[in-house]
>>> print(open('structure_21.txt').read())   # compact mmCIF, N, CA and C atoms and all ligand atoms
# COMPACT_ATOMS: atom_id res chain seq x y z
N MET W 1 8.78 -9.72 1.52
CA MET W 1 7.65 -8.86 1.86
C MET W 1 8.14 -7.48 2.24
N SER W 2 7.65 -6.47 1.57
CA SER W 2 8.07 -5.12 1.92
C SER W 2 6.96 -4.45 2.73
N ALA W 3 7.40 -3.56 3.59
CA ALA W 3 6.44 -2.87 4.45
C ALA W 3 5.60 -1.89 3.61
N ASP W 4 4.33 -1.92 3.83
CA ASP W 4 3.44 -0.97 3.16
C ASP W 4 3.43 0.32 3.95
N PRO W 5 3.88 1.41 3.35
CA PRO W 5 3.94 2.67 4.09
C PRO W 5 2.55 3.24 4.38
N GLY W 6 1.55 2.75 3.68
CA GLY W 6 0.20 3.23 3.92
C GLY W 6 -0.09 4.53 3.22
N PRO W 7 -1.31 4.99 3.36
CA PRO W 7 -1.72 6.21 2.67
C PRO W 7 -0.96 7.43 3.18
N CYS W 8 -0.72 8.38 2.29
CA CYS W 8 0.03 9.58 2.66
C CYS W 8 -0.79 10.42 3.65
N PRO W 9 -0.14 10.97 4.68
CA PRO W 9 -0.86 11.80 5.66
C PRO W 9 -1.57 13.00 5.05
N CYS W 10 -1.13 13.45 3.88
CA CYS W 10 -1.73 14.66 3.29
C CYS W 10 -3.12 14.40 2.74
N GLY W 11 -3.52 13.12 2.66
CA GLY W 11 -4.89 12.82 2.26
C GLY W 11 -5.10 12.77 0.76
N SER W 12 -4.03 12.65 -0.01
CA SER W 12 -4.17 12.63 -1.47
C SER W 12 -4.80 11.33 -1.95
N GLY W 13 -4.73 10.30 -1.12
CA GLY W 13 -5.22 8.99 -1.53
C GLY W 13 -4.12 8.09 -2.04
N ALA W 14 -2.95 8.68 -2.34
CA ALA W 14 -1.80 7.90 -2.80
C ALA W 14 -1.01 7.40 -1.61
N ASN W 15 -0.17 6.39 -1.87
CA ASN W 15 0.73 5.92 -0.83
C ASN W 15 1.80 6.97 -0.55
N TYR W 16 2.30 6.95 0.67
CA TYR W 16 3.32 7.91 1.07
C TYR W 16 4.52 7.87 0.13
N THR W 17 4.95 6.67 -0.29
CA THR W 17 6.14 6.54 -1.14
C THR W 17 5.91 7.09 -2.55
N ALA W 18 4.63 7.29 -2.93
CA ALA W 18 4.33 7.83 -4.26
C ALA W 18 3.85 9.27 -4.16
N CYS W 19 3.87 9.83 -2.95
CA CYS W 19 3.29 11.17 -2.75
C CYS W 19 4.32 12.08 -2.09
N CYS W 20 4.19 12.30 -0.79
CA CYS W 20 5.08 13.25 -0.12
C CYS W 20 6.44 12.64 0.23
N GLY W 21 6.56 11.32 0.24
CA GLY W 21 7.83 10.68 0.59
C GLY W 21 9.01 11.16 -0.24
N PRO W 22 8.90 11.15 -1.57
CA PRO W 22 10.02 11.62 -2.40
C PRO W 22 10.39 13.08 -2.12
N LEU W 23 9.40 13.91 -1.85
CA LEU W 23 9.69 15.32 -1.55
C LEU W 23 10.47 15.42 -0.24
N HIS W 24 10.06 14.62 0.75
CA HIS W 24 10.78 14.63 2.02
C HIS W 24 12.22 14.15 1.83
N ALA W 25 12.45 13.37 0.76
CA ALA W 25 13.80 12.85 0.47
C ALA W 25 14.59 13.81 -0.42
N GLY W 26 13.99 14.96 -0.81
CA GLY W 26 14.74 15.96 -1.54
C GLY W 26 14.26 16.26 -2.95
N ALA W 27 13.24 15.54 -3.44
CA ALA W 27 12.73 15.80 -4.78
C ALA W 27 12.07 17.18 -4.85
N VAL W 28 12.09 17.77 -6.04
CA VAL W 28 11.49 19.08 -6.24
C VAL W 28 9.97 18.93 -6.34
N ALA W 29 9.24 19.73 -5.58
CA ALA W 29 7.78 19.71 -5.67
C ALA W 29 7.35 20.34 -6.99
N PRO W 30 6.42 19.70 -7.72
CA PRO W 30 6.00 20.25 -9.01
C PRO W 30 5.11 21.48 -8.92
N SER W 31 4.58 21.75 -7.75
CA SER W 31 3.71 22.91 -7.59
C SER W 31 3.72 23.36 -6.14
N ALA W 32 3.22 24.58 -5.93
CA ALA W 32 3.13 25.10 -4.56
C ALA W 32 2.19 24.24 -3.73
N GLU W 33 1.10 23.74 -4.37
CA GLU W 33 0.17 22.91 -3.61
C GLU W 33 0.83 21.62 -3.13
N ARG W 34 1.63 21.00 -4.00
CA ARG W 34 2.32 19.77 -3.60
C ARG W 34 3.30 20.04 -2.46
N LEU W 35 3.95 21.20 -2.53
CA LEU W 35 4.88 21.56 -1.46
C LEU W 35 4.11 21.75 -0.16
N MET W 36 2.95 22.41 -0.27
CA MET W 36 2.10 22.61 0.91
C MET W 36 1.68 21.26 1.51
N ARG W 37 1.28 20.34 0.64
CA ARG W 37 0.88 19.01 1.12
C ARG W 37 2.04 18.31 1.84
N SER W 38 3.23 18.44 1.27
CA SER W 38 4.37 17.77 1.86
C SER W 38 4.73 18.38 3.21
N ARG W 39 4.46 19.68 3.37
CA ARG W 39 4.72 20.31 4.67
C ARG W 39 3.70 19.85 5.70
N PHE W 40 2.44 19.69 5.29
CA PHE W 40 1.46 19.15 6.22
C PHE W 40 1.89 17.75 6.66
N SER W 41 2.28 16.91 5.69
CA SER W 41 2.72 15.56 6.02
C SER W 41 3.91 15.58 6.97
N ALA W 42 4.80 16.58 6.78
CA ALA W 42 5.97 16.69 7.66
C ALA W 42 5.54 17.06 9.08
N PHE W 43 4.51 17.89 9.20
CA PHE W 43 3.96 18.18 10.53
C PHE W 43 3.37 16.90 11.12
N ALA W 44 2.62 16.16 10.31
CA ALA W 44 1.95 14.96 10.80
C ALA W 44 2.95 13.89 11.21
N LEU W 45 4.06 13.80 10.47
CA LEU W 45 5.04 12.75 10.73
C LEU W 45 6.15 13.20 11.68
N GLY W 46 6.19 14.52 11.98
CA GLY W 46 7.22 15.03 12.87
C GLY W 46 8.58 15.12 12.19
N LEU W 47 8.65 15.90 11.13
CA LEU W 47 9.90 16.08 10.38
C LEU W 47 10.31 17.55 10.37
N PRO W 48 10.77 18.09 11.51
CA PRO W 48 11.08 19.52 11.57
C PRO W 48 12.16 19.94 10.59
N GLU W 49 13.12 19.06 10.30
CA GLU W 49 14.19 19.45 9.38
C GLU W 49 13.65 19.73 7.98
N TYR W 50 12.67 18.93 7.55
CA TYR W 50 12.07 19.17 6.23
C TYR W 50 11.31 20.50 6.24
N LEU W 51 10.64 20.78 7.35
CA LEU W 51 9.89 22.04 7.45
C LEU W 51 10.83 23.23 7.34
N LEU W 52 12.03 23.10 7.87
CA LEU W 52 13.00 24.20 7.79
C LEU W 52 13.58 24.31 6.38
N THR W 53 13.93 23.19 5.75
CA THR W 53 14.53 23.28 4.41
C THR W 53 13.51 23.73 3.37
N SER W 54 12.22 23.53 3.65
CA SER W 54 11.19 23.97 2.70
C SER W 54 10.63 25.34 3.07
N TRP W 55 11.37 26.06 3.89
CA TRP W 55 10.98 27.40 4.36
C TRP W 55 11.91 28.41 3.69
N ASP W 56 11.37 29.49 3.15
CA ASP W 56 12.18 30.51 2.50
C ASP W 56 13.23 31.04 3.50
N PRO W 57 14.50 31.11 3.09
CA PRO W 57 15.56 31.58 4.00
C PRO W 57 15.26 32.95 4.59
N ALA W 58 14.51 33.79 3.87
CA ALA W 58 14.23 35.14 4.34
C ALA W 58 13.31 35.15 5.56
N THR W 59 12.46 34.14 5.69
CA THR W 59 11.50 34.13 6.80
C THR W 59 11.66 32.91 7.70
N ARG W 60 12.62 32.07 7.40
CA ARG W 60 12.82 30.81 8.13
C ARG W 60 13.28 31.07 9.56
N PRO W 61 12.68 30.41 10.54
CA PRO W 61 13.14 30.56 11.92
C PRO W 61 14.47 29.82 12.12
N GLN W 62 15.19 30.20 13.15
CA GLN W 62 16.48 29.55 13.44
C GLN W 62 16.29 28.08 13.74
N GLU W 63 15.26 27.78 14.49
CA GLU W 63 14.97 26.39 14.79
C GLU W 63 13.47 26.22 14.92
N LEU W 64 13.05 25.00 14.86
CA LEU W 64 11.62 24.71 14.89
C LEU W 64 11.39 23.54 15.82
N VAL W 65 10.60 23.77 16.86
CA VAL W 65 10.25 22.70 17.77
C VAL W 65 8.77 22.40 17.57
N LEU W 66 8.48 21.20 17.11
CA LEU W 66 7.08 20.85 16.84
C LEU W 66 6.34 20.60 18.14
N ASP W 67 5.09 20.99 18.16
CA ASP W 67 4.22 20.77 19.31
C ASP W 67 3.79 19.30 19.32
N GLY W 68 4.47 18.50 20.13
CA GLY W 68 4.17 17.07 20.16
C GLY W 68 2.80 16.76 20.70
N GLY W 69 2.12 17.76 21.27
CA GLY W 69 0.80 17.54 21.84
C GLY W 69 -0.32 17.58 20.81
N VAL W 70 0.03 17.95 19.57
CA VAL W 70 -0.99 18.00 18.52
C VAL W 70 -0.73 16.91 17.49
N GLU W 71 -1.75 16.14 17.22
CA GLU W 71 -1.65 15.10 16.20
C GLU W 71 -2.42 15.59 14.98
N TRP W 72 -1.67 15.89 13.89
CA TRP W 72 -2.31 16.43 12.69
C TRP W 72 -2.89 15.30 11.87
N ARG W 73 -4.18 15.41 11.54
CA ARG W 73 -4.87 14.29 10.92
C ARG W 73 -5.39 14.53 9.52
N ARG W 74 -5.89 15.72 9.25
CA ARG W 74 -6.50 15.93 7.93
C ARG W 74 -6.16 17.29 7.37
N LEU W 75 -6.07 17.33 6.05
CA LEU W 75 -5.77 18.58 5.36
C LEU W 75 -6.82 18.81 4.28
N PHE W 76 -7.38 20.00 4.28
CA PHE W 76 -8.33 20.39 3.24
C PHE W 76 -7.77 21.61 2.52
N ILE W 77 -7.61 21.51 1.23
CA ILE W 77 -7.14 22.66 0.45
C ILE W 77 -8.35 23.25 -0.25
N SER W 78 -8.65 24.51 0.06
CA SER W 78 -9.87 25.12 -0.46
C SER W 78 -9.62 26.04 -1.64
N ASP W 79 -8.36 26.49 -1.81
CA ASP W 79 -8.10 27.40 -2.93
C ASP W 79 -6.61 27.42 -3.24
N THR W 80 -6.29 27.49 -4.52
CA THR W 80 -4.90 27.70 -4.93
C THR W 80 -4.87 28.79 -5.99
N THR W 81 -3.86 29.65 -5.91
CA THR W 81 -3.66 30.71 -6.90
C THR W 81 -2.23 30.63 -7.39
N ALA W 82 -2.05 30.53 -8.70
CA ALA W 82 -0.71 30.38 -9.31
C ALA W 82 0.00 29.19 -8.66
N GLY W 83 1.33 29.28 -8.53
CA GLY W 83 2.06 28.17 -7.92
C GLY W 83 2.30 27.01 -8.84
N GLY W 84 2.17 27.23 -10.16
CA GLY W 84 2.38 26.18 -11.13
C GLY W 84 3.75 26.26 -11.78
N PRO W 85 3.96 25.45 -12.82
CA PRO W 85 5.27 25.37 -13.47
C PRO W 85 5.78 26.71 -14.01
N GLY W 86 4.90 27.61 -14.46
CA GLY W 86 5.35 28.87 -15.03
C GLY W 86 5.38 30.01 -14.04
N ASP W 87 5.18 29.70 -12.76
CA ASP W 87 5.06 30.76 -11.75
C ASP W 87 6.27 30.79 -10.80
N ASP W 88 6.50 31.97 -10.23
CA ASP W 88 7.54 32.12 -9.22
C ASP W 88 6.94 32.22 -7.82
N THR W 89 5.64 32.55 -7.76
CA THR W 89 4.97 32.60 -6.46
C THR W 89 3.64 31.85 -6.56
N GLY W 90 3.12 31.48 -5.43
CA GLY W 90 1.83 30.79 -5.40
C GLY W 90 1.20 30.93 -4.03
N TYR W 91 -0.13 30.78 -4.00
CA TYR W 91 -0.86 30.88 -2.74
C TYR W 91 -1.73 29.65 -2.58
N VAL W 92 -1.77 29.12 -1.37
CA VAL W 92 -2.60 27.96 -1.07
C VAL W 92 -3.38 28.25 0.20
N THR W 93 -4.70 28.16 0.11
CA THR W 93 -5.55 28.32 1.28
C THR W 93 -5.97 26.95 1.77
N PHE W 94 -5.78 26.70 3.05
CA PHE W 94 -6.03 25.36 3.56
C PHE W 94 -6.60 25.40 4.97
N THR W 95 -7.17 24.27 5.35
CA THR W 95 -7.57 24.04 6.73
C THR W 95 -6.91 22.75 7.18
N ALA W 96 -6.16 22.82 8.26
CA ALA W 96 -5.53 21.64 8.83
C ALA W 96 -6.27 21.28 10.12
N ILE W 97 -6.62 20.00 10.23
CA ILE W 97 -7.37 19.53 11.39
C ILE W 97 -6.47 18.61 12.22
N GLY W 98 -6.42 18.89 13.49
CA GLY W 98 -5.63 18.05 14.37
C GLY W 98 -6.36 17.77 15.67
N ARG W 99 -5.67 17.07 16.54
CA ARG W 99 -6.25 16.69 17.81
C ARG W 99 -5.22 16.86 18.91
N SER W 100 -5.64 17.44 20.01
CA SER W 100 -4.77 17.55 21.17
C SER W 100 -5.54 17.05 22.38
N ASP W 101 -4.90 17.09 23.54
CA ASP W 101 -5.58 16.66 24.77
C ASP W 101 -6.82 17.50 25.03
N GLU W 102 -6.79 18.76 24.56
CA GLU W 102 -7.93 19.65 24.80
C GLU W 102 -9.04 19.47 23.78
N GLY W 103 -8.77 18.66 22.75
CA GLY W 103 -9.81 18.42 21.74
C GLY W 103 -9.34 18.78 20.35
N ARG W 104 -10.30 19.18 19.53
CA ARG W 104 -10.03 19.44 18.13
C ARG W 104 -9.22 20.72 17.93
N VAL W 105 -8.25 20.65 17.03
CA VAL W 105 -7.44 21.80 16.68
C VAL W 105 -7.67 22.09 15.21
N GLU W 106 -7.90 23.35 14.88
CA GLU W 106 -8.13 23.70 13.48
C GLU W 106 -7.30 24.92 13.13
N GLN W 107 -6.54 24.83 12.05
CA GLN W 107 -5.76 25.97 11.59
C GLN W 107 -6.12 26.28 10.15
N ARG W 108 -6.57 27.52 9.93
CA ARG W 108 -6.89 27.97 8.57
C ARG W 108 -5.89 29.04 8.18
N GLU W 109 -5.32 28.91 7.00
CA GLU W 109 -4.31 29.86 6.59
C GLU W 109 -4.25 29.98 5.08
N ARG W 110 -3.94 31.19 4.62
CA ARG W 110 -3.59 31.39 3.21
C ARG W 110 -2.08 31.58 3.18
N SER W 111 -1.40 30.57 2.70
CA SER W 111 0.06 30.57 2.72
C SER W 111 0.62 31.07 1.40
N ARG W 112 1.75 31.74 1.49
CA ARG W 112 2.44 32.22 0.30
C ARG W 112 3.70 31.40 0.09
N PHE W 113 3.92 31.01 -1.16
CA PHE W 113 5.08 30.21 -1.51
C PHE W 113 5.86 30.90 -2.62
N ALA W 114 7.16 30.69 -2.63
CA ALA W 114 8.02 31.23 -3.69
C ALA W 114 8.93 30.13 -4.20
N ARG W 115 9.20 30.20 -5.50
CA ARG W 115 10.10 29.21 -6.08
C ARG W 115 11.49 29.81 -6.22
N GLY W 116 12.46 29.11 -5.66
CA GLY W 116 13.84 29.60 -5.68
C GLY W 116 14.52 29.34 -7.00
N ALA W 117 15.73 29.88 -7.14
CA ALA W 117 16.51 29.70 -8.36
C ALA W 117 16.82 28.22 -8.59
N ASP W 118 16.81 27.43 -7.53
CA ASP W 118 17.09 25.99 -7.66
C ASP W 118 15.86 25.19 -8.06
N GLY W 119 14.72 25.90 -8.28
CA GLY W 119 13.50 25.22 -8.70
C GLY W 119 12.63 24.71 -7.57
N HIS W 120 13.13 24.80 -6.34
CA HIS W 120 12.36 24.31 -5.19
C HIS W 120 11.36 25.37 -4.72
N TRP W 121 10.11 24.93 -4.53
CA TRP W 121 9.13 25.79 -3.88
C TRP W 121 9.41 25.83 -2.39
N ARG W 122 9.21 27.03 -1.79
CA ARG W 122 9.39 27.15 -0.34
C ARG W 122 8.29 28.04 0.25
N TYR W 123 7.96 27.71 1.49
CA TYR W 123 6.97 28.49 2.24
C TYR W 123 7.56 29.85 2.61
N VAL W 124 6.81 30.93 2.37
CA VAL W 124 7.30 32.26 2.73
C VAL W 124 6.62 32.75 4.01
N ASP W 125 5.30 32.91 3.95
CA ASP W 125 4.54 33.32 5.13
C ASP W 125 3.06 33.07 4.89
N GLY W 126 2.25 33.40 5.85
CA GLY W 126 0.83 33.13 5.69
C GLY W 126 -0.02 34.05 6.53
N ASP W 127 -1.27 34.21 6.12
CA ASP W 127 -2.24 34.99 6.88
C ASP W 127 -3.36 34.07 7.32
N ALA W 128 -3.89 34.33 8.50
CA ALA W 128 -5.05 33.58 8.95
C ALA W 128 -6.17 33.76 7.94
N ALA W 129 -6.81 32.68 7.55
CA ALA W 129 -7.85 32.76 6.52
C ALA W 129 -9.23 32.46 7.12
ZN ZN U 1 1.17 13.40 0.34
>>> encode(input="structure_21.txt", output="structure tokens")
Amino acid sequence: MSADPGPCPCGSGANYTACCGPLHAGAVAPSAERLMRSRFSAFALGLPEYLLTSWDPATRPQELVLDGGVEWRRLFISDTTAGGPGDDTGYVTFTAIGRSDEGRVEQRERSRFARGADGHWRYVDGDAA
């Protein structure tokens, strides 16, 4: 009997092992949106190292301490621009819903992603959306 990893935190409807799991293990994301989803899952699962490796070196912080007081629960992607196989940059607009002791937490952002020479998409920066 193998353990069922359950549905992926990013809300795709797929199991974690068929969705963001491989990306967290080093697989190349096929699009900026998939990379964005995997970063949300990394926030939800508490994987700061993945968040750093999927961050553009030009804007990456030295270290990242996740706010353990927020439990990230749902991700809604409202818009994507470029970020496909033929692109070097892409934009993803999303709303992330979480919960803290103070109640509901909501973060809306239009994030910018760039694809490196190694083929990996990485987060560059974002504006409040
Ligand atoms: Zn996923």
>>> closest_residue(input="structure_21.txt", among="W:Ile77, W:Glu63, W:Ala96, W:Leu51", to="Tyr123 (chain W)", atoms="only C-alpha atoms")
W:Leu51
>>> residues_near_ligand(input="structure_21.txt", ligand="ligand ZN 1 (chain U)", cutoff="9 Å", atoms="only C-alpha atoms and all ligand atoms", output="list in words")
Pro7, Cys8, Pro9, Cys10, Gly11, Ser12, Gly13, Ala14, Asn15, Tyr16, Thr17, Ala18, Cys19, Cys20, Gly21, Leu23, Arg34, Arg37, Ser38, Arg39, Phe40 and Ser41 of chain W
>>> residues_around(input="structure_21.txt", residues="Gly119 (chain W)", least_positions_apart="5", cutoff="12 Å", atoms="only C-alpha atoms", output="list in words")
Gly26, Ala27, Val28, Ala29, Pro30, Ser31, Ala32, Leu35, Ser54, Gly83, Gly84, Pro85, Gly86, Asp87, Asp88, Thr89 and Ala114 of chain W
>>> axis_aligned_box(input="structure_21.txt", around="region 63-80 of chain W", padding_each_side="3 Å", output="AutoDock Vina command-line options")
--center_x 2.7 --center_y 21.5 --center_z 7.9 --size_x 31.1 --size_y 20.5 --size_z 33.8
>>> residues_near_point(input="structure_21.txt", point="(-3.0, 33.0, 7.6)", cutoff="7 Å", atoms="all atoms listed in the file", output="count of residues only")
9
>>> select_by_dssp(input="structure_21.txt", residues="chain W", states="alpha helix (DSSP H)", output="list in words")
Cys20, Gly21, Pro22, Leu23, His24, Ala32, Glu33, Arg34, Leu35, Met36, Arg37, Ser38, Arg39, Phe40, Ser41, Ala42, Phe43, Ala44, Leu45, Pro48, Glu49, Tyr50, Leu51, Leu52 and Thr53 of chain W
>>> write_last_selection(input="structure_21.txt", atoms="N, CA and C atoms", output="JSON list (two decimals), in the frame of the given file")
[["chain", "number", "residue", "atom", "x", "y", "z"],
["W", 20, "CYS", "N", 4.19, 12.30, -0.79],
["W", 20, "CYS", "CA", 5.08, 13.25, -0.12],
["W", 20, "CYS", "C", 6.44, 12.64, 0.23],
["W", 21, "GLY", "N", 6.56, 11.32, 0.24],
["W", 21, "GLY", "CA", 7.83, 10.68, 0.59],
["W", 21, "GLY", "C", 9.01, 11.16, -0.24],
["W", 22, "PRO", "N", 8.90, 11.15, -1.57],
["W", 22, "PRO", "CA", 10.02, 11.62, -2.40],
["W", 22, "PRO", "C", 10.39, 13.08, -2.12],
["W", 23, "LEU", "N", 9.40, 13.91, -1.85],
["W", 23, "LEU", "CA", 9.69, 15.32, -1.55],
["W", 23, "LEU", "C", 10.47, 15.42, -0.24],
["W", 24, "HIS", "N", 10.06, 14.62, 0.75],
["W", 24, "HIS", "CA", 10.78, 14.63, 2.02],
["W", 24, "HIS", "C", 12.22, 14.15, 1.83],
["W", 32, "ALA", "N", 3.22, 24.58, -5.93],
["W", 32, "ALA", "CA", 3.13, 25.10, -4.56],
["W", 32, "ALA", "C", 2.19, 24.24, -3.73],
["W", 33, "GLU", "N", 1.10, 23.74, -4.37],
["W", 33, "GLU", "CA", 0.17, 22.91, -3.61],
["W", 33, "GLU", "C", 0.83, 21.62, -3.13],
["W", 34, "ARG", "N", 1.63, 21.00, -4.00],
["W", 34, "ARG", "CA", 2.32, 19.77, -3.60],
["W", 34, "ARG", "C", 3.30, 20.04, -2.46],
["W", 35, "LEU", "N", 3.95, 21.20, -2.53],
["W", 35, "LEU", "CA", 4.88, 21.56, -1.46],
["W", 35, "LEU", "C", 4.11, 21.75, -0.16],
["W", 36, "MET", "N", 2.95, 22.41, -0.27],
["W", 36, "MET", "CA", 2.10, 22.61, 0.91],
["W", 36, "MET", "C", 1.68, 21.26, 1.51],
["W", 37, "ARG", "N", 1.28, 20.34, 0.64],
["W", 37, "ARG", "CA", 0.88, 19.01, 1.12],
["W", 37, "ARG", "C", 2.04, 18.31, 1.84],
["W", 38, "SER", "N", 3.23, 18.44, 1.27],
["W", 38, "SER", "CA", 4.37, 17.77, 1.86],
["W", 38, "SER", "C", 4.73, 18.38, 3.21],
["W", 39, "ARG", "N", 4.46, 19.68, 3.37],
["W", 39, "ARG", "CA", 4.72, 20.31, 4.67],
["W", 39, "ARG", "C", 3.70, 19.85, 5.70],
["W", 40, "PHE", "N", 2.44, 19.69, 5.29],
["W", 40, "PHE", "CA", 1.46, 19.15, 6.22],
["W", 40, "PHE", "C", 1.89, 17.75, 6.66],
["W", 41, "SER", "N", 2.28, 16.91, 5.69],
["W", 41, "SER", "CA", 2.72, 15.56, 6.02],
["W", 41, "SER", "C", 3.91, 15.58, 6.97],
["W", 42, "ALA", "N", 4.80, 16.58, 6.78],
["W", 42, "ALA", "CA", 5.97, 16.69, 7.66],
["W", 42, "ALA", "C", 5.54, 17.06, 9.08],
["W", 43, "PHE", "N", 4.51, 17.89, 9.20],
["W", 43, "PHE", "CA", 3.96, 18.18, 10.53],
["W", 43, "PHE", "C", 3.37, 16.90, 11.12],
["W", 44, "ALA", "N", 2.62, 16.16, 10.31],
["W", 44, "ALA", "CA", 1.95, 14.96, 10.80],
["W", 44, "ALA", "C", 2.95, 13.89, 11.21],
["W", 45, "LEU", "N", 4.06, 13.80, 10.47],
["W", 45, "LEU", "CA", 5.04, 12.75, 10.73],
["W", 45, "LEU", "C", 6.15, 13.20, 11.68],
["W", 48, "PRO", "N", 10.77, 18.09, 11.51],
["W", 48, "PRO", "CA", 11.08, 19.52, 11.57],
["W", 48, "PRO", "C", 12.16, 19.94, 10.59],
["W", 49, "GLU", "N", 13.12, 19.06, 10.30],
["W", 49, "GLU", "CA", 14.19, 19.45, 9.38],
["W", 49, "GLU", "C", 13.65, 19.73, 7.98],
["W", 50, "TYR", "N", 12.67, 18.93, 7.55],
["W", 50, "TYR", "CA", 12.07, 19.17, 6.23],
["W", 50, "TYR", "C", 11.31, 20.50, 6.24],
["W", 51, "LEU", "N", 10.64, 20.78, 7.35],
["W", 51, "LEU", "CA", 9.89, 22.04, 7.45],
["W", 51, "LEU", "C", 10.83, 23.23, 7.34],
["W", 52, "LEU", "N", 12.03, 23.10, 7.87],
["W", 52, "LEU", "CA", 13.00, 24.20, 7.79],
["W", 52, "LEU", "C", 13.58, 24.31, 6.38],
["W", 53, "THR", "N", 13.93, 23.19, 5.75],
["W", 53, "THR", "CA", 14.53, 23.28, 4.41],
["W", 53, "THR", "C", 13.51, 23.73, 3.37]]
>>> closest_residue(input="structure_21.txt", among="W:His24, W:Glu71, W:His120, W:Arg115", to="Asp101 (chain W)", atoms="all atoms listed in the file")
W:Glu71
>>> select_by_dssp(input="structure_21.txt", residues="region 48-84 of chain W", states="strand (DSSP E)", output="VMD selection string")
chain W and resid 71 to 82
>>> atom_distance(input="structure_21.txt", atom1="CA of Ser100 (chain W)", atom2="CA of Leu45 (chain W)")
15.1 Å
>>> closest_residue(input="structure_21.txt", among="W:Phe94, W:Trp121, W:Phe43, W:Phe113", to="Leu64 (chain W)", atoms="only C-alpha atoms")
W:Phe43
>>> residues_around(input="structure_21.txt", residues="Thr80 (chain W)", least_positions_apart="5", cutoff="6.5 Å", atoms="all atoms listed in the file", output="count of residues only")
3
>>> atom_distance(input="structure_21.txt", atom1="atom C of Asp79 (chain W)", atom2="CA of Gln107 (chain W)")
14.9 Å
>>> closest_residue(input="structure_21.txt", among="W:Val65, W:Ala58, W:Ala25, W:Val70", to="Ala44 (chain W)", atoms="only C-alpha atoms")
W:Val70
>>> residues_around(input="structure_21.txt", residues="Ile97 (chain W)", least_positions_apart="4", cutoff="7 Å", atoms="only N, CA and C atoms", output="list in words")
Glu71, Trp72, Arg73, Arg74, Leu75, Phe76, Arg104, Val105, Glu106 and Gln107 of chain W
>>> write_last_selection(input="structure_21.txt", atoms="N, CA and C atoms", output="PDB file, in the frame of the given file")
ATOM      1  N   GLU W  71      -1.750  16.140  17.220  1.00  0.00           N
ATOM      2  CA  GLU W  71      -1.650  15.100  16.200  1.00  0.00           C
ATOM      3  C   GLU W  71      -2.420  15.590  14.980  1.00  0.00           C
ATOM      4  N   TRP W  72      -1.670  15.890  13.890  1.00  0.00           N
ATOM      5  CA  TRP W  72      -2.310  16.430  12.690  1.00  0.00           C
ATOM      6  C   TRP W  72      -2.890  15.300  11.870  1.00  0.00           C
ATOM      7  N   ARG W  73      -4.180  15.410  11.540  1.00  0.00           N
ATOM      8  CA  ARG W  73      -4.870  14.290  10.920  1.00  0.00           C
ATOM      9  C   ARG W  73      -5.390  14.530   9.520  1.00  0.00           C
ATOM     10  N   ARG W  74      -5.890  15.720   9.250  1.00  0.00           N
ATOM     11  CA  ARG W  74      -6.500  15.930   7.930  1.00  0.00           C
ATOM     12  C   ARG W  74      -6.160  17.290   7.370  1.00  0.00           C
ATOM     13  N   LEU W  75      -6.070  17.330   6.050  1.00  0.00           N
ATOM     14  CA  LEU W  75      -5.770  18.580   5.360  1.00  0.00           C
ATOM     15  C   LEU W  75      -6.820  18.810   4.280  1.00  0.00           C
ATOM     16  N   PHE W  76      -7.380  20.000   4.280  1.00  0.00           N
ATOM     17  CA  PHE W  76      -8.330  20.390   3.240  1.00  0.00           C
ATOM     18  C   PHE W  76      -7.770  21.610   2.520  1.00  0.00           C
ATOM     19  N   ARG W 104     -10.300  19.180  19.530  1.00  0.00           N
ATOM     20  CA  ARG W 104     -10.030  19.440  18.130  1.00  0.00           C
ATOM     21  C   ARG W 104      -9.220  20.720  17.930  1.00  0.00           C
ATOM     22  N   VAL W 105      -8.250  20.650  17.030  1.00  0.00           N
ATOM     23  CA  VAL W 105      -7.440  21.800  16.680  1.00  0.00           C
ATOM     24  C   VAL W 105      -7.670  22.090  15.210  1.00  0.00           C
ATOM     25  N   GLU W 106      -7.900  23.350  14.880  1.00  0.00           N
ATOM     26  CA  GLU W 106      -8.130  23.700  13.480  1.00  0.00           C
ATOM     27  C   GLU W 106      -7.300  24.920  13.130  1.00  0.00           C
ATOM     28  N   GLN W 107      -6.540  24.830  12.050  1.00  0.00           N
ATOM     29  CA  GLN W 107      -5.760  25.970  11.590  1.00  0.00           C
ATOM     30  C   GLN W 107      -6.120  26.280  10.150  1.00  0.00           C
TER      31      GLN W 107
END
>>> atom_distance(input="structure_21.txt", atom1="CA of Arg112 (chain W)", atom2="CA of Gly90 (chain W)")
5.9 Å
>>> residues_around(input="structure_21.txt", residues="Thr53 (chain W)", least_positions_apart="4", cutoff="7 Å", atoms="only N, CA and C atoms", output="list in words")
Pro48, Glu49 and Arg122 of chain W
>>> closest_residue(input="structure_21.txt", among="W:Glu33, W:Arg60, W:Thr95, W:Gly69", to="Thr81 (chain W)", atoms="all atoms listed in the file")
W:Glu33
